[in-house]
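Visitor: So that you have it, the file is my_file.cif, and it contains mmCIF, N, CA and C atoms:
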data_my_file
loop_
_atom_site.label_atom_id
_atom_site.label_comp_id
_atom_site.auth_asym_id
_atom_site.auth_seq_id
_atom_site.Cartn_x
_atom_site.Cartn_y
_atom_site.Cartn_z
N MET P 1 -12.20 8.71 12.86
CA MET P 1 -11.01 9.19 12.19
C MET P 1 -11.34 10.26 11.16
N ALA P 2 -12.34 10.01 10.33
CA ALA P 2 -12.68 10.95 9.27
C ALA P 2 -14.18 11.22 9.32
N PRO P 3 -14.61 12.13 10.18
CA PRO P 3 -16.04 12.41 10.29
C PRO P 3 -16.63 12.82 8.94
N GLY P 4 -17.76 12.26 8.61
CA GLY P 4 -18.42 12.60 7.36
C GLY P 4 -17.90 11.86 6.14
N ALA P 5 -16.88 11.03 6.32
CA ALA P 5 -16.32 10.28 5.20
C ALA P 5 -17.24 9.11 4.84
N SER P 6 -17.19 8.74 3.58
CA SER P 6 -17.96 7.58 3.10
C SER P 6 -17.00 6.53 2.56
N ILE P 7 -17.39 5.29 2.70
CA ILE P 7 -16.60 4.19 2.16
C ILE P 7 -17.38 3.58 1.01
N TYR P 8 -16.74 3.47 -0.14
CA TYR P 8 -17.34 2.85 -1.31
C TYR P 8 -16.60 1.54 -1.58
N TYR P 9 -17.35 0.51 -1.84
CA TYR P 9 -16.79 -0.82 -2.08
C TYR P 9 -17.16 -1.23 -3.50
N TYR P 10 -16.16 -1.63 -4.29
CA TYR P 10 -16.38 -2.02 -5.68
C TYR P 10 -15.97 -3.48 -5.88
N PRO P 11 -16.91 -4.41 -5.71
CA PRO P 11 -16.59 -5.83 -5.90
C PRO P 11 -16.44 -6.14 -7.39
N SER P 12 -15.59 -7.09 -7.70
CA SER P 12 -15.42 -7.51 -9.10
C SER P 12 -14.78 -8.89 -9.12
N ASN P 13 -14.82 -9.51 -10.27
CA ASN P 13 -14.18 -10.82 -10.43
C ASN P 13 -12.69 -10.71 -10.69
N ASP P 14 -12.23 -9.54 -11.08
CA ASP P 14 -10.80 -9.31 -11.26
C ASP P 14 -10.50 -7.89 -10.80
N LEU P 15 -9.28 -7.68 -10.43
CA LEU P 15 -8.90 -6.42 -9.79
C LEU P 15 -9.03 -5.22 -10.72
N THR P 16 -8.58 -5.35 -11.94
CA THR P 16 -8.58 -4.19 -12.82
C THR P 16 -9.99 -3.71 -13.19
N SER P 17 -10.95 -4.62 -13.33
CA SER P 17 -12.31 -4.16 -13.63
C SER P 17 -12.92 -3.45 -12.42
N GLY P 18 -12.58 -3.88 -11.22
CA GLY P 18 -13.04 -3.18 -10.02
C GLY P 18 -12.46 -1.78 -9.94
N ILE P 19 -11.19 -1.65 -10.28
CA ILE P 19 -10.55 -0.33 -10.30
C ILE P 19 -11.22 0.55 -11.35
N GLN P 20 -11.45 0.00 -12.53
CA GLN P 20 -12.08 0.76 -13.61
C GLN P 20 -13.49 1.20 -13.22
N THR P 21 -14.24 0.33 -12.55
CA THR P 21 -15.58 0.68 -12.09
C THR P 21 -15.53 1.86 -11.12
N ALA P 22 -14.58 1.83 -10.20
CA ALA P 22 -14.43 2.94 -9.25
C ALA P 22 -14.09 4.24 -9.97
N LEU P 23 -13.20 4.16 -10.96
CA LEU P 23 -12.83 5.35 -11.70
C LEU P 23 -13.99 5.87 -12.55
N ASP P 24 -14.75 4.96 -13.13
CA ASP P 24 -15.91 5.36 -13.93
C ASP P 24 -16.98 6.04 -13.06
N ALA P 25 -17.15 5.56 -11.83
CA ALA P 25 -18.12 6.16 -10.91
C ALA P 25 -17.70 7.58 -10.54
N ASN P 26 -16.41 7.80 -10.40
CA ASN P 26 -15.83 9.12 -10.15
C ASN P 26 -16.49 9.85 -8.98
N VAL P 27 -16.66 9.14 -7.85
CA VAL P 27 -17.29 9.76 -6.68
C VAL P 27 -16.35 9.88 -5.48
N VAL P 28 -15.12 9.40 -5.60
CA VAL P 28 -14.19 9.44 -4.48
C VAL P 28 -13.06 10.42 -4.75
N ASP P 29 -12.49 10.94 -3.68
CA ASP P 29 -11.30 11.80 -3.77
C ASP P 29 -10.04 11.00 -3.50
N ILE P 30 -10.21 9.91 -2.72
CA ILE P 30 -9.08 9.06 -2.35
C ILE P 30 -9.45 7.62 -2.65
N PHE P 31 -8.58 6.93 -3.36
CA PHE P 31 -8.77 5.52 -3.68
C PHE P 31 -7.65 4.75 -2.99
N SER P 32 -8.01 3.79 -2.16
CA SER P 32 -7.03 3.01 -1.42
C SER P 32 -7.08 1.55 -1.85
N LEU P 33 -5.92 1.01 -2.18
CA LEU P 33 -5.83 -0.39 -2.63
C LEU P 33 -4.78 -1.10 -1.79
N SER P 34 -5.20 -2.14 -1.11
CA SER P 34 -4.26 -2.91 -0.30
C SER P 34 -4.04 -4.26 -0.95
N TYR P 35 -3.45 -4.22 -2.11
CA TYR P 35 -3.15 -5.43 -2.85
C TYR P 35 -1.91 -5.14 -3.66
N GLY P 36 -1.09 -6.13 -3.86
CA GLY P 36 0.09 -5.91 -4.66
C GLY P 36 0.51 -7.15 -5.40
N GLU P 37 1.38 -6.94 -6.32
CA GLU P 37 1.95 -8.04 -7.10
C GLU P 37 3.34 -7.62 -7.53
N CYS P 38 4.24 -8.56 -7.55
CA CYS P 38 5.60 -8.30 -7.97
C CYS P 38 5.59 -7.63 -9.35
N GLU P 39 6.24 -6.49 -9.46
CA GLU P 39 6.25 -5.75 -10.72
C GLU P 39 6.78 -6.60 -11.87
N ALA P 40 7.81 -7.39 -11.62
CA ALA P 40 8.40 -8.23 -12.67
C ALA P 40 7.44 -9.32 -13.14
N ASP P 41 6.52 -9.74 -12.28
CA ASP P 41 5.55 -10.79 -12.63
C ASP P 41 4.35 -10.25 -13.40
N MET P 42 4.20 -8.94 -13.47
CA MET P 42 3.01 -8.36 -14.09
C MET P 42 3.13 -8.19 -15.60
N THR P 43 4.26 -8.41 -16.16
CA THR P 43 4.55 -8.20 -17.59
C THR P 43 4.45 -6.71 -17.94
N SER P 44 5.02 -6.33 -19.05
CA SER P 44 5.00 -4.91 -19.44
C SER P 44 3.56 -4.44 -19.72
N GLY P 45 2.72 -5.34 -20.25
CA GLY P 45 1.33 -4.99 -20.51
C GLY P 45 0.55 -4.72 -19.23
N GLY P 46 0.75 -5.55 -18.22
CA GLY P 46 0.08 -5.36 -16.93
C GLY P 46 0.53 -4.09 -16.24
N ASN P 47 1.83 -3.81 -16.31
CA ASN P 47 2.34 -2.58 -15.71
C ASN P 47 1.80 -1.36 -16.45
N ALA P 48 1.73 -1.41 -17.77
CA ALA P 48 1.20 -0.30 -18.56
C ALA P 48 -0.28 -0.07 -18.24
N GLN P 49 -1.02 -1.15 -18.04
CA GLN P 49 -2.44 -1.02 -17.72
C GLN P 49 -2.62 -0.33 -16.38
N LEU P 50 -1.85 -0.73 -15.36
CA LEU P 50 -1.95 -0.08 -14.05
C LEU P 50 -1.51 1.37 -14.13
N ASN P 51 -0.46 1.64 -14.86
CA ASN P 51 0.00 3.01 -15.03
C ASN P 51 -1.12 3.86 -15.65
N SER P 52 -1.81 3.31 -16.64
CA SER P 52 -2.90 4.03 -17.30
C SER P 52 -4.07 4.28 -16.35
N LEU P 53 -4.42 3.29 -15.53
CA LEU P 53 -5.51 3.45 -14.57
C LEU P 53 -5.19 4.53 -13.55
N TRP P 54 -3.98 4.48 -13.00
CA TRP P 54 -3.60 5.47 -11.99
C TRP P 54 -3.45 6.86 -12.62
N GLU P 55 -3.02 6.93 -13.88
CA GLU P 55 -2.95 8.21 -14.57
C GLU P 55 -4.37 8.78 -14.76
N GLN P 56 -5.32 7.91 -15.11
CA GLN P 56 -6.71 8.35 -15.24
C GLN P 56 -7.21 8.89 -13.91
N ALA P 57 -6.90 8.20 -12.82
CA ALA P 57 -7.32 8.66 -11.49
C ALA P 57 -6.75 10.05 -11.21
N ALA P 58 -5.47 10.24 -11.48
CA ALA P 58 -4.83 11.53 -11.23
C ALA P 58 -5.50 12.62 -12.06
N THR P 59 -5.82 12.31 -13.30
CA THR P 59 -6.50 13.27 -14.19
C THR P 59 -7.86 13.66 -13.62
N GLN P 60 -8.54 12.72 -12.97
CA GLN P 60 -9.85 12.97 -12.38
C GLN P 60 -9.75 13.62 -11.00
N GLY P 61 -8.52 13.80 -10.49
CA GLY P 61 -8.35 14.41 -9.17
C GLY P 61 -8.46 13.42 -8.03
N ILE P 62 -8.28 12.14 -8.32
CA ILE P 62 -8.37 11.10 -7.30
C ILE P 62 -6.96 10.73 -6.85
N ALA P 63 -6.70 10.85 -5.55
CA ALA P 63 -5.42 10.44 -4.99
C ALA P 63 -5.45 8.93 -4.78
N VAL P 64 -4.48 8.23 -5.33
CA VAL P 64 -4.43 6.76 -5.24
C VAL P 64 -3.36 6.35 -4.24
N MET P 65 -3.78 5.63 -3.21
CA MET P 65 -2.87 5.10 -2.20
C MET P 65 -2.78 3.59 -2.40
N VAL P 66 -1.57 3.07 -2.55
CA VAL P 66 -1.38 1.64 -2.82
C VAL P 66 -0.39 1.08 -1.81
N SER P 67 -0.73 -0.06 -1.23
CA SER P 67 0.19 -0.70 -0.30
C SER P 67 1.40 -1.25 -1.05
N THR P 68 2.55 -1.17 -0.40
CA THR P 68 3.77 -1.70 -1.01
C THR P 68 4.03 -3.12 -0.55
N GLY P 69 3.27 -3.58 0.43
CA GLY P 69 3.47 -4.92 0.96
C GLY P 69 4.34 -4.89 2.20
N ASP P 70 4.43 -6.01 2.84
CA ASP P 70 5.19 -6.11 4.08
C ASP P 70 6.57 -6.72 3.89
N SER P 71 6.96 -6.92 2.66
CA SER P 71 8.24 -7.58 2.40
C SER P 71 9.30 -6.62 1.90
N GLY P 72 8.97 -5.36 1.79
CA GLY P 72 9.95 -4.39 1.32
C GLY P 72 10.50 -4.76 -0.04
N SER P 73 11.79 -4.70 -0.18
CA SER P 73 12.43 -4.98 -1.46
C SER P 73 12.46 -6.46 -1.80
N ALA P 74 11.93 -7.31 -0.91
CA ALA P 74 11.88 -8.75 -1.16
C ALA P 74 10.50 -9.16 -1.68
N SER P 75 9.74 -8.22 -2.23
CA SER P 75 8.36 -8.52 -2.63
C SER P 75 8.26 -9.55 -3.75
N CYS P 76 9.31 -9.77 -4.50
CA CYS P 76 9.26 -10.77 -5.58
C CYS P 76 9.86 -12.11 -5.15
N ASP P 77 10.21 -12.24 -3.87
CA ASP P 77 10.78 -13.49 -3.38
C ASP P 77 9.74 -14.57 -3.15
N GLY P 78 8.47 -14.26 -3.37
CA GLY P 78 7.42 -15.25 -3.18
C GLY P 78 7.26 -15.64 -1.73
N ASP P 79 7.05 -16.92 -1.47
CA ASP P 79 6.84 -17.39 -0.10
C ASP P 79 8.04 -17.14 0.80
N THR P 80 9.23 -17.05 0.23
CA THR P 80 10.39 -16.81 1.08
C THR P 80 10.35 -15.42 1.69
N ALA P 81 9.60 -14.50 1.08
CA ALA P 81 9.51 -13.14 1.60
C ALA P 81 8.83 -13.11 2.97
N LYS P 82 8.06 -14.14 3.30
CA LYS P 82 7.36 -14.17 4.57
C LYS P 82 8.32 -14.30 5.75
N THR P 83 9.48 -14.82 5.52
CA THR P 83 10.43 -14.97 6.61
C THR P 83 11.75 -14.26 6.32
N SER P 84 11.88 -13.72 5.14
CA SER P 84 13.13 -13.11 4.73
C SER P 84 13.18 -11.63 5.07
N THR P 85 14.32 -11.18 5.52
CA THR P 85 14.53 -9.76 5.74
C THR P 85 15.46 -9.20 4.67
N ILE P 86 15.90 -10.05 3.77
CA ILE P 86 16.81 -9.66 2.70
C ILE P 86 16.20 -10.11 1.37
N ALA P 87 16.29 -9.26 0.34
CA ALA P 87 15.79 -9.62 -0.98
C ALA P 87 16.77 -10.59 -1.62
N ARG P 88 16.49 -11.87 -1.49
CA ARG P 88 17.40 -12.91 -1.97
C ARG P 88 17.35 -13.08 -3.50
N LEU P 89 16.24 -12.71 -4.12
CA LEU P 89 16.11 -12.85 -5.57
C LEU P 89 16.29 -11.51 -6.30
N GLY P 90 16.85 -10.54 -5.62
CA GLY P 90 17.07 -9.23 -6.20
C GLY P 90 16.07 -8.21 -5.68
N LEU P 91 16.44 -6.95 -5.71
CA LEU P 91 15.56 -5.89 -5.25
C LEU P 91 14.34 -5.80 -6.15
N SER P 92 13.19 -5.52 -5.57
CA SER P 92 11.96 -5.49 -6.35
C SER P 92 10.94 -4.56 -5.71
N VAL P 93 9.87 -4.29 -6.44
CA VAL P 93 8.79 -3.46 -5.94
C VAL P 93 7.45 -4.05 -6.36
N SER P 94 6.40 -3.57 -5.72
CA SER P 94 5.05 -3.96 -6.11
C SER P 94 4.66 -3.17 -7.35
N GLY P 95 4.19 -3.85 -8.38
CA GLY P 95 3.79 -3.19 -9.62
C GLY P 95 2.63 -2.22 -9.43
N PHE P 96 1.72 -2.52 -8.51
CA PHE P 96 0.57 -1.65 -8.27
C PHE P 96 0.98 -0.34 -7.62
N ALA P 97 2.15 -0.33 -6.99
CA ALA P 97 2.60 0.85 -6.25
C ALA P 97 3.78 1.55 -6.92
N SER P 98 4.07 1.23 -8.17
CA SER P 98 5.31 1.73 -8.78
C SER P 98 5.12 2.75 -9.89
N THR P 99 3.95 3.36 -9.99
CA THR P 99 3.75 4.35 -11.04
C THR P 99 3.99 5.75 -10.49
N PRO P 100 4.18 6.72 -11.36
CA PRO P 100 4.32 8.10 -10.88
C PRO P 100 2.98 8.72 -10.48
N TYR P 101 1.89 7.97 -10.62
CA TYR P 101 0.55 8.51 -10.36
C TYR P 101 -0.08 8.00 -9.07
N ASN P 102 0.66 7.25 -8.27
CA ASN P 102 0.12 6.75 -7.01
C ASN P 102 1.06 7.10 -5.86
N ILE P 103 0.50 7.02 -4.65
CA ILE P 103 1.30 7.18 -3.44
C ILE P 103 1.48 5.79 -2.87
N ALA P 104 2.73 5.36 -2.77
CA ALA P 104 3.04 4.03 -2.25
C ALA P 104 3.17 4.10 -0.73
N VAL P 105 2.42 3.23 -0.04
CA VAL P 105 2.40 3.23 1.41
C VAL P 105 2.64 1.80 1.89
N GLY P 106 3.55 1.62 2.84
CA GLY P 106 3.74 0.25 3.30
C GLY P 106 4.70 0.10 4.45
N GLY P 107 4.68 -1.09 5.01
CA GLY P 107 5.59 -1.45 6.09
C GLY P 107 6.70 -2.31 5.52
N THR P 108 7.90 -1.81 5.53
CA THR P 108 8.99 -2.55 4.91
C THR P 108 9.73 -3.46 5.88
N ASP P 109 9.35 -3.44 7.16
CA ASP P 109 10.04 -4.31 8.11
C ASP P 109 9.05 -5.09 8.97
N PHE P 110 7.89 -5.39 8.42
CA PHE P 110 6.83 -6.07 9.16
C PHE P 110 7.31 -7.37 9.80
N TYR P 111 8.04 -8.19 9.07
CA TYR P 111 8.46 -9.49 9.61
C TYR P 111 9.48 -9.36 10.72
N ALA P 112 10.25 -8.30 10.69
CA ALA P 112 11.22 -8.07 11.77
C ALA P 112 10.52 -7.74 13.08
N LEU P 113 9.32 -7.17 13.01
CA LEU P 113 8.59 -6.80 14.22
C LEU P 113 8.27 -8.00 15.10
N ALA P 114 8.04 -9.15 14.50
CA ALA P 114 7.66 -10.33 15.27
C ALA P 114 8.71 -10.72 16.29
N SER P 115 9.97 -10.52 15.97
CA SER P 115 11.03 -10.94 16.89
C SER P 115 11.56 -9.81 17.76
N SER P 116 11.28 -8.56 17.39
CA SER P 116 11.84 -7.46 18.18
C SER P 116 10.87 -6.29 18.30
N PHE P 117 9.61 -6.60 18.56
CA PHE P 117 8.57 -5.58 18.60
C PHE P 117 8.89 -4.48 19.61
N SER P 118 9.40 -4.84 20.77
CA SER P 118 9.64 -3.84 21.81
C SER P 118 10.72 -2.83 21.43
N SER P 119 11.55 -3.15 20.46
CA SER P 119 12.54 -2.17 20.03
C SER P 119 11.93 -1.13 19.10
N TYR P 120 10.71 -1.40 18.60
CA TYR P 120 10.02 -0.46 17.72
C TYR P 120 9.00 0.39 18.46
N VAL P 121 8.26 -0.23 19.36
CA VAL P 121 7.18 0.47 20.03
C VAL P 121 7.23 0.22 21.52
N SER P 122 6.47 1.02 22.25
CA SER P 122 6.41 0.87 23.69
C SER P 122 4.96 1.01 24.13
N ALA P 123 4.59 0.30 25.17
CA ALA P 123 3.24 0.40 25.69
C ALA P 123 3.01 1.73 26.39
N SER P 124 4.07 2.41 26.76
CA SER P 124 3.97 3.67 27.48
C SER P 124 4.61 4.79 26.68
N ALA P 125 3.92 5.91 26.61
CA ALA P 125 4.46 7.05 25.87
C ALA P 125 5.71 7.60 26.52
N GLY P 126 5.88 7.35 27.79
CA GLY P 126 7.02 7.91 28.49
C GLY P 126 8.23 6.98 28.53
N THR P 127 8.15 5.81 27.98
CA THR P 127 9.25 4.86 28.04
C THR P 127 10.40 5.35 27.18
N ALA P 128 11.55 5.47 27.77
CA ALA P 128 12.71 6.02 27.07
C ALA P 128 13.21 5.11 25.96
N GLY P 129 12.92 3.81 26.02
CA GLY P 129 13.45 2.88 25.03
C GLY P 129 12.79 2.97 23.66
N ALA P 130 11.60 3.52 23.58
CA ALA P 130 10.89 3.59 22.30
C ALA P 130 11.23 4.88 21.58
N PRO P 131 11.50 4.81 20.29
CA PRO P 131 11.74 6.03 19.54
C PRO P 131 10.52 6.95 19.64
N THR P 132 10.74 8.26 19.66
CA THR P 132 9.63 9.20 19.86
C THR P 132 8.58 9.09 18.78
N TYR P 133 8.94 8.71 17.56
CA TYR P 133 7.94 8.63 16.50
C TYR P 133 7.04 7.41 16.64
N TYR P 134 7.30 6.49 17.57
CA TYR P 134 6.42 5.36 17.82
C TYR P 134 5.68 5.49 19.15
N ARG P 135 5.83 6.58 19.82
CA ARG P 135 5.14 6.75 21.09
C ARG P 135 3.69 7.12 20.89
N THR P 136 2.92 7.03 21.92
CA THR P 136 1.49 7.29 21.88
C THR P 136 1.20 8.77 21.73
N VAL P 137 0.20 9.09 20.91
CA VAL P 137 -0.29 10.47 20.82
C VAL P 137 -1.25 10.66 21.98
N LEU P 138 -0.99 11.64 22.83
CA LEU P 138 -1.80 11.83 24.01
C LEU P 138 -2.98 12.77 23.77
N ALA P 139 -2.96 13.52 22.70
CA ALA P 139 -4.06 14.44 22.40
C ALA P 139 -4.23 14.56 20.91
N ARG P 140 -5.37 15.08 20.49
CA ARG P 140 -5.62 15.29 19.05
C ARG P 140 -4.66 16.33 18.51
N SER P 141 -4.22 16.11 17.31
CA SER P 141 -3.40 17.11 16.65
C SER P 141 -4.30 18.21 16.15
N PRO P 142 -3.82 19.46 16.20
CA PRO P 142 -4.68 20.57 15.73
C PRO P 142 -4.91 20.50 14.25
#
With the file now loaded, output its structure as structure tokens.
Guide:
Amino acid sequence: MAPGASIYYYPSNDLTSGIQTALDANVVDIFSLSYGECEADMTSGGNAQLNSLWEQAATQGIAVMVSTGDSGSASCDGDTAKTSTIARLGLSVSGFASTPYNIAVGGTDFYALASSFSSYVSASAGTAGAPTYYRTVLARSP
């Protein structure tokens, strides 16, 4: 996918120290985090800390990609979000993905795919039932 790319792994006992270690090392152009937490559960201090970390990354020229989760606006519904397609406890977002300094990336209808996968994708690029944006790429893009 990315010839010549390197993967750096920053283990830590807590998430924020791992992020800080990566920022202190300052060797990456893109930082990808596939972890989230309900913004409302993070407290104002936790949200401010993440905002500060992502702002530091932006200042250093590091693009931060953060997963939004697979529950869409039901991310604060807890365990009910695993089967819910509606935000029953109110609309919400992942705190890690909600700053102006990160790019939020995610699947907002993951749980719906389990029951109606064929309406989203097709095994054949030529199948008329699949939307064109889910069809197979037959050649490399220039």
Visitor: I'd like the residues picked by the PyMOL selection byres (((chain P and resi 59-73 and name CA) around 6) and name CA) written out as a PyMOL selection string, using the chain letters and numbers from the file.
Guide: chain P and resi 29-34+56-58+74-75+81+87+91-94+97+102-108+110
Visitor: How many Å separate atom C of Asp77 of chain P from atom C of Gly46 of chain P?
Guide: 19.1 Å
Visitor: Env of Glu37 of chain P: 8 Å cut, atoms = only C-alpha atoms, seq-sep filter 4 positions within chain, self excluded. Answer as a PyMOL selection string.
Guide: chain P and resi 41-42+75-76+94-96
Visitor: Please list as a PyMOL selection string every residue within 8 Å of segment 6-9 of chain P, counting only N, CA and C atoms and excluding residues in the same chain fewer than 5 positions away.
Guide: chain P and resi 18+22+28
Visitor: Could you state the separation of atom CA of Glu55 of chain P and atom CA of Tyr101 of chain P in Å, given to one decimal place?
Guide: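 Atom CA of Tyr101 of chain P lies 5.5 Å from atom CA of Glu55 of chain P.
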Visitor: Quick check, in Å to one decimal: how far apart do atom N of Pro3 of chain P and atom CA of Asn26 of chain P lie?
Guide: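 Interatomic distance here is 20.6 Å.
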Visitor: Could you name the residues that touch Ile19 of chain P at 8 Å or less, counting only C-alpha atoms, but leaving out those on the same chain fewer than 4 positions away, as a list in words?
Guide: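 Surrounding residues, per the criterion: Tyr10, Leu15, Leu23 and Leu53 of chain P.
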Visitor: Taking all atoms listed in the file into account, which of P:Cys38, P:Ala25, P:Gly4, P:Thr16 comes nearest Leu50 of chain P?
Guide: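 Looking only at the distances to Leu50 of chain P, the closest residue turns out to be P:Thr16.
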Visitor: Using backbone DSSP assignments, extract all strand (DSSP E or B) residues from segment 4-116 of chain P; output them as a list in words.
Guide: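 Everything in segment 4-116 of chain P that counts as strand (DSSP E or B) is Ile30, Phe31, Ser32, Leu33, Cys38, Ala63, Val64, Met65, Val66, Ser67, Ser94, Ile103, Ala104 and Val105 of chain P.
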